[in-house]
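Asks: This is the content of protein.txt (compact mmCIF, C-alpha atoms and all ligand atoms):
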```
# COMPACT_ATOMS: atom_id res chain seq x y z
CA MET A 27 12.50 -33.09 89.73
CA SER A 28 12.14 -35.59 86.91
CA ASP A 29 15.13 -36.62 84.83
CA LYS A 30 13.53 -34.96 81.84
CA MET A 31 13.05 -31.65 83.63
CA ARG A 32 16.62 -31.79 84.93
CA LEU A 33 17.87 -32.39 81.42
CA ASN A 34 15.74 -29.57 80.07
CA ARG A 35 16.95 -27.17 82.70
CA SER A 36 20.61 -28.00 82.21
CA TRP A 37 20.18 -27.65 78.46
CA ALA A 38 18.23 -24.42 78.82
CA SER A 39 21.14 -22.88 80.69
CA CYS A 40 23.31 -23.52 77.63
CA HIS A 41 20.70 -22.71 75.01
CA PRO A 42 18.26 -20.38 76.69
CA PHE A 43 15.23 -18.84 75.10
CA CYS A 44 12.95 -16.23 76.52
CA PRO A 45 9.37 -17.08 77.35
CA ARG A 46 6.67 -14.94 75.87
CA PRO A 47 6.12 -11.71 77.82
CA GLU A 48 3.51 -11.85 80.56
CA ASP A 49 1.24 -9.38 78.83
CA ALA A 50 1.23 -11.12 75.46
CA ILE A 51 -2.19 -11.87 74.12
CA PRO A 52 -2.98 -15.57 74.36
CA SER A 53 -3.58 -17.14 71.00
CA PRO A 54 -6.97 -18.64 70.25
CA SER A 55 -7.67 -22.31 70.47
CA ARG A 56 -5.90 -23.96 67.62
CA ARG A 57 -7.13 -27.47 67.40
CA PRO A 58 -6.46 -28.30 63.78
CA ALA A 59 -9.42 -29.10 61.57
CA PHE A 60 -7.70 -31.37 59.14
CA ALA A 61 -9.05 -34.35 57.30
CA TRP A 62 -7.20 -37.61 56.98
CA GLY A 63 -6.78 -38.72 53.45
CA THR A 64 -6.22 -35.26 52.05
CA ARG A 65 -3.81 -35.15 49.16
CA ARG A 66 -0.33 -33.69 49.43
CA LYS A 67 1.88 -32.90 46.50
CA TYR A 68 4.64 -30.50 45.63
CA ALA A 69 3.57 -27.27 44.03
CA PRO A 70 5.07 -26.80 40.58
CA MET A 71 7.68 -24.07 40.60
CA HIS A 72 8.19 -21.70 37.75
CA PRO A 73 11.86 -20.82 37.08
CA ALA A 74 11.01 -17.19 37.77
CA GLN A 75 9.83 -18.19 41.22
CA ILE A 76 13.11 -19.91 41.91
CA GLU A 77 15.02 -16.92 40.63
CA ALA A 78 13.03 -14.69 42.93
CA GLY A 79 14.04 -16.82 45.88
CA LEU A 80 10.60 -18.17 46.56
CA VAL A 81 10.36 -21.23 48.70
CA ARG A 82 8.70 -24.51 47.85
CA VAL A 83 5.48 -25.18 49.66
CA HIS A 84 3.15 -28.10 49.93
CA VAL A 85 -0.34 -28.21 48.59
CA LEU A 86 -3.22 -29.58 50.59
CA ASP A 87 -6.59 -30.15 49.04
CA PRO A 88 -9.39 -28.43 50.88
CA PRO A 89 -10.95 -30.80 53.40
CA HIS A 90 -13.70 -32.93 51.98
CA SER A 91 -12.85 -31.93 48.40
CA PRO A 92 -14.26 -34.43 45.96
CA ALA A 93 -11.78 -37.00 44.73
CA THR A 94 -11.71 -37.02 40.97
CA GLY A 95 -9.95 -38.73 38.08
CA VAL A 96 -6.31 -39.67 38.44
CA ASN A 97 -6.07 -38.11 41.89
CA ALA A 98 -8.77 -40.38 43.24
CA PHE A 99 -7.06 -43.36 41.65
CA GLU A 100 -3.66 -42.41 43.09
CA ARG A 101 -5.20 -41.88 46.47
CA ALA A 102 -6.92 -45.23 46.41
CA ILE A 103 -3.68 -46.95 45.39
CA ARG A 104 -1.77 -45.21 48.17
CA ARG A 105 -4.37 -46.15 50.77
CA ALA A 106 -4.38 -49.75 49.62
CA ARG A 107 -0.57 -49.86 49.72
CA ASN A 108 -0.52 -48.41 53.23
CA GLN A 109 -3.16 -50.85 54.46
CA LEU A 110 -1.23 -53.76 53.02
CA PHE A 111 2.01 -52.48 54.50
CA LYS A 112 0.43 -52.04 57.92
CA ALA A 113 -0.91 -55.57 57.85
CA VAL A 114 2.34 -57.15 56.65
CA PHE A 115 4.69 -55.16 58.86
CA SER A 116 2.61 -54.85 62.02
CA GLY A 117 4.73 -55.38 65.09
CA GLU A 118 7.48 -53.66 67.03
CA GLY A 119 10.73 -51.96 66.04
CA CYS A 120 9.75 -48.62 64.52
CA SER A 121 7.54 -46.37 66.66
CA CYS A 122 5.78 -43.19 65.68
CA MET A 123 5.16 -40.77 68.52
CA PHE A 124 2.66 -38.75 66.48
CA CYS A 125 0.06 -41.48 66.00
CA GLY A 126 1.27 -43.96 68.63
CA LYS A 127 1.56 -46.83 66.15
CA SER A 128 4.52 -49.14 65.73
CA TYR A 129 5.62 -51.45 62.93
CA ARG A 130 8.44 -53.81 62.17
CA ARG A 131 9.63 -51.19 59.73
CA PHE A 132 8.50 -47.95 58.10
CA LEU A 133 8.11 -47.14 54.42
CA HIS A 134 11.24 -46.22 52.50
CA GLN A 135 11.27 -42.72 51.04
CA GLY A 136 13.40 -40.08 49.35
CA VAL A 137 14.96 -38.90 46.15
CA ARG A 138 17.49 -41.18 44.52
CA ALA A 139 20.32 -38.99 43.27
CA ASP A 140 23.96 -39.86 42.81
CA VAL A 141 25.17 -36.61 44.29
CA PHE A 142 23.58 -37.42 47.65
CA LYS A 143 25.58 -40.64 47.86
CA LYS A 144 28.74 -39.11 46.42
CA HIS A 145 28.97 -36.37 49.04
CA ARG A 146 27.46 -38.26 51.98
CA VAL A 147 24.52 -35.89 52.30
CA SER A 148 22.54 -35.93 55.52
CA GLY A 149 18.91 -34.86 55.47
CA ALA A 150 18.28 -35.82 51.86
CA GLY A 151 18.31 -38.73 49.46
CA PHE A 152 16.66 -42.11 49.51
CA LYS A 153 16.50 -43.64 52.99
CA LYS A 154 15.04 -46.77 54.51
CA ASN A 155 12.56 -46.85 57.39
CA VAL A 156 11.46 -43.25 56.90
CA ARG A 157 7.71 -42.79 56.62
CA CYS A 158 5.04 -43.89 59.06
CA PRO A 159 2.36 -45.63 56.95
CA ASN A 160 -0.33 -44.53 59.36
CA CYS A 161 0.18 -40.77 59.74
CA GLY A 162 2.95 -39.93 57.28
CA SER A 163 5.53 -38.68 59.78
CA ASN A 164 9.12 -38.94 58.58
CA GLN A 165 12.58 -39.00 60.16
CA ARG A 166 12.89 -35.22 60.15
CA THR A 167 9.63 -34.57 61.94
CA ARG A 168 10.24 -37.31 64.52
CA LEU A 169 13.75 -35.95 65.19
CA LEU A 170 12.40 -32.43 65.62
CA HIS A 171 9.68 -33.56 68.00
CA LEU A 172 12.20 -35.48 70.12
CA PHE A 173 14.53 -32.49 70.13
CA PHE A 174 11.77 -30.23 71.42
CA GLU A 175 10.71 -32.84 73.95
CA PHE A 176 14.11 -33.66 75.42
CA ARG A 177 16.30 -30.63 74.71
CA THR A 178 14.02 -27.63 75.10
CA GLU A 179 11.14 -26.43 77.22
CA ILE A 180 9.06 -25.44 74.23
CA TYR A 181 6.25 -27.82 75.21
CA GLU A 182 6.12 -26.42 78.72
CA LYS A 183 6.72 -22.65 78.59
CA ASP A 184 4.76 -19.93 76.85
CA VAL A 185 6.60 -19.37 73.58
CA ARG A 186 5.87 -17.74 70.25
CA VAL A 187 7.00 -19.86 67.32
CA LEU A 188 7.38 -18.87 63.68
CA HIS A 189 7.10 -22.01 61.58
CA ILE A 190 8.08 -21.49 57.95
CA SER A 191 6.62 -23.88 55.35
CA PRO A 192 5.93 -26.53 57.97
CA LYS A 193 5.70 -30.27 57.77
CA ARG A 194 2.25 -31.15 58.90
CA PRO A 195 2.83 -33.76 61.65
CA ILE A 196 5.09 -31.45 63.67
CA ALA A 197 2.93 -28.38 63.00
CA ARG A 198 -0.14 -30.25 64.27
CA GLU A 199 1.80 -31.35 67.33
CA LEU A 200 2.92 -27.79 68.10
CA ARG A 201 -0.61 -26.48 67.71
CA ARG A 202 -1.93 -29.09 70.16
CA HIS A 203 0.00 -27.32 72.93
CA GLN A 204 -1.93 -24.38 74.33
CA ASN A 205 1.27 -22.74 75.62
CA ILE A 206 2.64 -22.36 72.08
CA ASP A 207 1.61 -19.39 69.97
CA HIS A 208 2.24 -21.05 66.62
CA VAL A 209 2.51 -18.71 63.64
CA CYS A 210 2.70 -20.48 60.31
CA GLY A 211 4.26 -18.56 57.43
CA ALA A 212 4.37 -19.54 53.77
CA LEU A 213 4.65 -17.89 50.43
CA PHE A 214 1.27 -19.34 49.48
CA PRO A 215 -0.57 -19.29 52.81
CA GLU A 216 -3.81 -20.57 51.31
CA ARG A 217 -2.11 -23.93 51.04
CA PHE A 218 -1.68 -24.04 54.80
CA ALA A 219 -5.21 -22.93 55.64
CA GLU A 220 -5.52 -25.54 58.38
CA PHE A 221 -2.76 -23.66 60.26
CA ARG A 222 -4.15 -20.18 59.50
CA ALA A 223 -0.92 -19.35 57.70
CA VAL A 224 0.19 -15.82 56.90
CA ARG A 225 2.01 -14.78 53.75
CA LEU A 226 5.74 -14.84 54.31
CA ASP A 227 8.76 -14.29 52.09
CA VAL A 228 11.69 -15.59 54.09
CA THR A 229 14.00 -12.93 52.61
CA ASP A 230 11.67 -10.14 53.71
CA ILE A 231 9.79 -11.23 56.81
CA GLU A 232 6.98 -8.89 57.71
CA PHE A 233 7.35 -9.15 61.45
CA ALA A 234 9.09 -6.80 63.85
CA ASP A 235 12.52 -7.42 65.34
CA GLY A 236 12.56 -9.92 68.19
CA GLU A 237 8.97 -11.14 67.78
CA PHE A 238 9.64 -14.86 68.14
CA ASP A 239 11.23 -17.09 70.74
CA VAL A 240 11.68 -19.90 68.24
CA VAL A 241 11.88 -20.02 64.44
CA ILE A 242 11.62 -23.30 62.55
CA CYS A 243 12.94 -23.08 59.01
CA ASN A 244 13.62 -26.61 57.89
CA HIS A 245 14.60 -27.60 54.37
CA VAL A 246 13.79 -24.16 53.00
CA LEU A 247 17.11 -22.35 52.62
CA GLU A 248 18.39 -24.65 49.88
CA HIS A 249 15.46 -23.41 47.76
CA VAL A 250 16.09 -19.71 48.35
CA ARG A 251 18.26 -17.65 46.02
CA GLU A 252 19.30 -15.10 48.64
CA ASP A 253 19.80 -17.54 51.48
CA GLU A 254 22.11 -15.27 53.47
CA THR A 255 19.47 -12.53 53.43
CA ALA A 256 16.97 -15.11 54.70
CA MET A 257 19.33 -16.11 57.53
CA LYS A 258 19.67 -12.46 58.58
CA GLU A 259 15.90 -12.03 58.50
CA ILE A 260 15.38 -15.08 60.70
CA TYR A 261 18.01 -13.77 63.10
CA ARG A 262 16.31 -10.37 63.16
CA VAL A 263 12.86 -11.67 64.13
CA LEU A 264 14.28 -13.82 66.93
CA THR A 265 14.16 -12.44 70.43
CA PRO A 266 17.52 -12.32 72.27
CA GLY A 267 17.84 -15.70 73.96
CA GLY A 268 15.77 -17.35 71.24
CA PHE A 269 16.81 -20.01 68.81
CA ALA A 270 16.14 -21.19 65.28
CA VAL A 271 16.15 -24.75 63.94
CA LEU A 272 17.70 -24.53 60.48
CA GLN A 273 17.83 -27.97 58.88
CA VAL A 274 19.18 -28.30 55.34
CA PRO A 275 20.61 -31.15 53.29
CA LEU A 276 24.30 -31.08 54.26
CA ALA A 277 27.19 -32.68 52.37
CA LEU A 278 29.27 -34.09 55.20
CA ASP A 279 32.42 -34.40 53.10
CA LEU A 280 32.30 -31.01 51.38
CA ALA A 281 34.14 -28.11 52.97
CA GLU A 282 32.54 -25.60 50.64
CA THR A 283 29.00 -25.29 49.35
CA LEU A 284 28.38 -26.27 45.74
CA GLU A 285 26.64 -23.35 44.11
CA ASP A 286 26.71 -22.01 40.60
CA PRO A 287 24.24 -19.35 39.35
CA LYS A 288 24.72 -20.70 35.83
CA VAL A 289 23.14 -24.01 36.83
CA VAL A 290 19.48 -23.28 36.08
CA GLU A 291 18.09 -26.21 34.12
CA LYS A 292 16.20 -28.86 36.05
CA ARG A 293 18.46 -31.63 34.78
CA GLU A 294 21.58 -29.66 35.71
CA ARG A 295 20.27 -29.01 39.19
CA ILE A 296 19.42 -32.66 39.75
CA HIS A 297 22.93 -33.58 38.66
CA ALA A 298 24.65 -30.88 40.72
CA TYR A 299 22.48 -30.65 43.84
CA GLY A 300 20.23 -33.72 43.80
CA GLN A 301 16.84 -32.07 43.21
CA LYS A 302 15.46 -29.85 40.48
CA ASP A 303 14.36 -27.17 42.91
CA HIS A 304 17.56 -27.04 44.99
CA LEU A 305 19.74 -24.03 44.26
CA ARG A 306 22.85 -25.30 46.03
CA LEU A 307 24.28 -28.19 48.00
CA TYR A 308 25.50 -26.97 51.35
CA GLY A 309 28.92 -28.01 52.59
CA LEU A 310 30.38 -27.48 56.03
CA ASP A 311 30.70 -23.74 55.40
CA TYR A 312 26.93 -23.62 55.91
CA PHE A 313 27.68 -22.94 59.56
CA ASP A 314 29.93 -20.01 58.62
CA ARG A 315 27.02 -18.49 56.70
CA LEU A 316 24.85 -18.82 59.79
CA ARG A 317 27.56 -17.25 61.96
CA ASN A 318 27.88 -14.38 59.50
CA ALA A 319 24.16 -13.74 59.95
CA GLY A 320 24.77 -13.39 63.70
CA PHE A 321 23.87 -16.84 65.03
CA ARG A 322 25.76 -18.82 67.63
CA VAL A 323 25.73 -22.21 65.97
CA SER A 324 25.60 -25.65 67.52
CA ARG A 325 24.82 -29.16 66.33
CA ASP A 326 23.04 -31.80 68.35
CA ASN A 327 22.56 -35.48 67.63
CA PRO A 328 20.40 -37.89 69.68
CA PHE A 329 22.72 -40.83 68.98
CA LYS A 330 26.01 -39.09 69.81
CA ASN A 331 24.66 -37.15 72.76
CA GLN A 332 22.24 -39.82 73.95
CA TRP A 333 19.33 -37.64 74.93
CA VAL A 334 16.56 -39.97 73.76
CA PRO A 335 15.87 -43.22 75.63
CA ASP A 336 15.48 -46.14 73.20
CA VAL A 337 16.39 -43.86 70.30
CA GLU A 338 16.71 -46.81 67.88
CA ASN A 339 12.98 -47.32 68.25
CA PHE A 340 12.15 -44.12 66.36
CA CYS A 341 14.01 -45.09 63.16
CA LEU A 342 15.88 -41.81 62.74
CA ASP A 343 18.75 -40.97 60.40
CA LYS A 344 21.89 -41.34 62.53
CA ASP A 345 23.75 -38.81 60.40
CA GLU A 346 21.15 -36.08 60.76
CA ASP A 347 21.99 -33.50 63.42
CA ILE A 348 19.81 -30.69 64.64
CA PHE A 349 21.31 -27.43 63.34
CA LEU A 350 20.66 -24.79 65.93
CA GLY A 351 21.19 -21.07 65.56
CA SER A 352 20.94 -19.16 68.83
CA LYS A 353 20.63 -15.42 69.35
CA ASP A 354 22.51 -14.23 72.44
ZN ZN B 1 2.55 -42.19 62.69
```
Could you take the file, read its structure, and then write that structure out as structure tokens?
Ligand SMILES: [Zn+2]
Replies:
Amino acid sequence: MSDKMRLNRSWASCHPFCPRPEDAIPSPSRRPAFAWGTRRKYAPMHPAQIEAGLVRVHVLDPPHSPATGVNAFERAIRRARNQLFKAVFSGEGCSCMFCGKSYRRFLHQGVRADVFKKHRVSGAGFKKNVRCPNCGSNQRTRLLHLFFEFRTEIYEKDVRVLHISPKRPIARELRRHQNIDHVCGALFPERFAEFRAVRLDVTDIEFADGEFDVVICNHVLEHVREDETAMKEIYRVLTPGGFAVLQVPLALDLAETLEDPKVVEKRERIHAYGQKDHLRLYGLDYFDRLRNAGFRVSRDNPFKNQWVPDVENFCLDKDEDIFLGSKD
């Protein structure tokens, strides 16, 4: 048995998840039909959407859509910047497992906000060595891929995965594996057409109890008004023995979550929580909220627990743990 399999098996005994039933219908081939160079931007959110607890989603231009006006100019600038960066920083030091490229460093990325520094927030804020200039993967997606690779058997067993408002590099990776029945859910599914997304409100998930072995809901809950309802819904659709990955920006030095329904203006939210579309800044009581929803909670970190060989090579955020909610 390989070291990796041994590690997976020992971990699986602590954090088991059930494989898909034998009689489940195999999902169709899901090779993604995406086009490089498509534009990604954040969808504008109306205050009413935020009030209703709607989640932020990403917008992807239809493949081969004509580039026009400012968008074409921005795209050309971005491409030129990336080409220059790749030429200047070619070398070793930061590796991307999604595209197989490596550079002396990655692009810096993130939102500069005082509150992120003030409260030592992991999973948010401006960071160095974040974004792969070739494929756009970031620290979060590389961490998640490594977690699946070294700490679960998700890439080997038949599993059904609900992926809520996914990041594209990890969603494409999951869909490459024929053993994974990858269901993408988003409030505006047309924006995730390449993943054949279904409409999904995370506070009212239209799937039956216990339908999924794995739920991925990363950097969504901080945008949702009724986050505790969302946690209960995610718990409900998990099969016993399944798990959910529930990443959020977490203030490492706050015992209690910062949250005030009276903070509604964009400027107030940026000041209080770091981003205009964040409805709270989670403190360490985030894990109590997950426990109240029914989860058995654990945290896992590749640096502290040393489950990734040459972990420095992937340019991850050392403070960012995997937040895991298991259903016993
Ligand atoms: Zn890459």
Asks: Neighbouring residues of segment 131-141 of chain A were defined as those with any atom within 10 Å, considering all atoms listed in the file; residues of the same chain fewer than 3 positions away were excluded. Please report them as a ChimeraX atom specification.
Replies: /A:108,111-112,114-122,128,144-147,149-160,162-165,277,296-301,307,339-341
Asks: Please list as a list in words every residue within 12 Å of Lys258 of chain A, counting only C-alpha atoms and excluding residues in the same chain fewer than 4 positions away.
Replies: Val228, Thr229, Asp230, Ile231, Asp235, Leu247, Glu252, Asp253, Glu254, Arg262, Val263, Leu264, Ala270, Arg315, Leu316, Arg317, Asn318, Ala319, Gly320, Phe321, Gly351 and Lys353 of chain A
Asks: Between atom CA of Arg177 of chain A and atom CA of Trp333 of chain A, what is the distance, to one decimal in Å?
Replies: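 Between these atoms lies a distance of 7.6 Å.
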Asks: Hey, what's within 6 Å of segment 206-221 of chain A if we count only C-alpha atoms and toss same-chain stuff fewer than 3 positions away? As a short mmCIF file (atom, residue, chain, number, x, y, z; two decimals) with C-alpha atoms, in the coordinates of the input, please?
Replies:
```cif
data_model
loop_
_atom_site.label_atom_id
_atom_site.label_comp_id
_atom_site.auth_asym_id
_atom_site.auth_seq_id
_atom_site.Cartn_x
_atom_site.Cartn_y
_atom_site.Cartn_z
CA SER A 53 -3.58 -17.14 71.00
CA VAL A 85 -0.34 -28.21 48.59
CA LEU A 86 -3.22 -29.58 50.59
CA ASP A 184 4.76 -19.93 76.85
CA VAL A 185 6.60 -19.37 73.58
CA ARG A 186 5.87 -17.74 70.25
CA VAL A 187 7.00 -19.86 67.32
CA LEU A 188 7.38 -18.87 63.68
CA HIS A 189 7.10 -22.01 61.58
CA ILE A 190 8.08 -21.49 57.95
CA SER A 191 6.62 -23.88 55.35
CA HIS A 203 0.00 -27.32 72.93
CA VAL A 224 0.19 -15.82 56.90
CA ARG A 225 2.01 -14.78 53.75
CA LEU A 226 5.74 -14.84 54.31
CA ASP A 227 8.76 -14.29 52.09
#
```
Asks: Once you add 8 Å to each side, what are the centre and edge lengths of the axis-aligned box holding all listed atoms of segment 302-319 of chain A? One decimal in Å, as JSON, if you can.
Replies:
```
{"center_x": 22.5, "center_y": -21.8, "center_z": 51.2, "size_x": 32.3, "size_y": 32.1, "size_z": 37.5}
```
Asks: Can you tell me how far atom CA of Arg251 of chain A sits from atom CA of Lys292 of chain A, in Å to one decimal?
Replies: 15.1 Å
Asks: Give me, as a list of chain:residue names, all polymer residues having an atom no more than 9 Å from Arg306 of chain A, counting all atoms listed in the file and skipping those fewer than 2 positions away in the same chain.
Replies: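 Returned residues: A:Glu248, A:His249, A:Arg251, A:Thr283, A:Leu284, A:Glu285, A:Asp286, A:Arg295, A:Ala298, A:Tyr299, A:His304, A:Tyr308.
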Asks: Quick one: pull the distance between atom CA of Ala234 of chain A and atom CA of Tyr261 of chain A, Å, one decimal.
Replies: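 Atom CA of Tyr261 of chain A lies 11.3 Å from atom CA of Ala234 of chain A.
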Asks: Here is a test: counting all atoms listed in the file, which residue of A:Phe313, A:Phe142, A:Phe349, A:Phe173 is nearest to Asn244 of chain A?
Replies: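 Closest candidate: A:Phe349.
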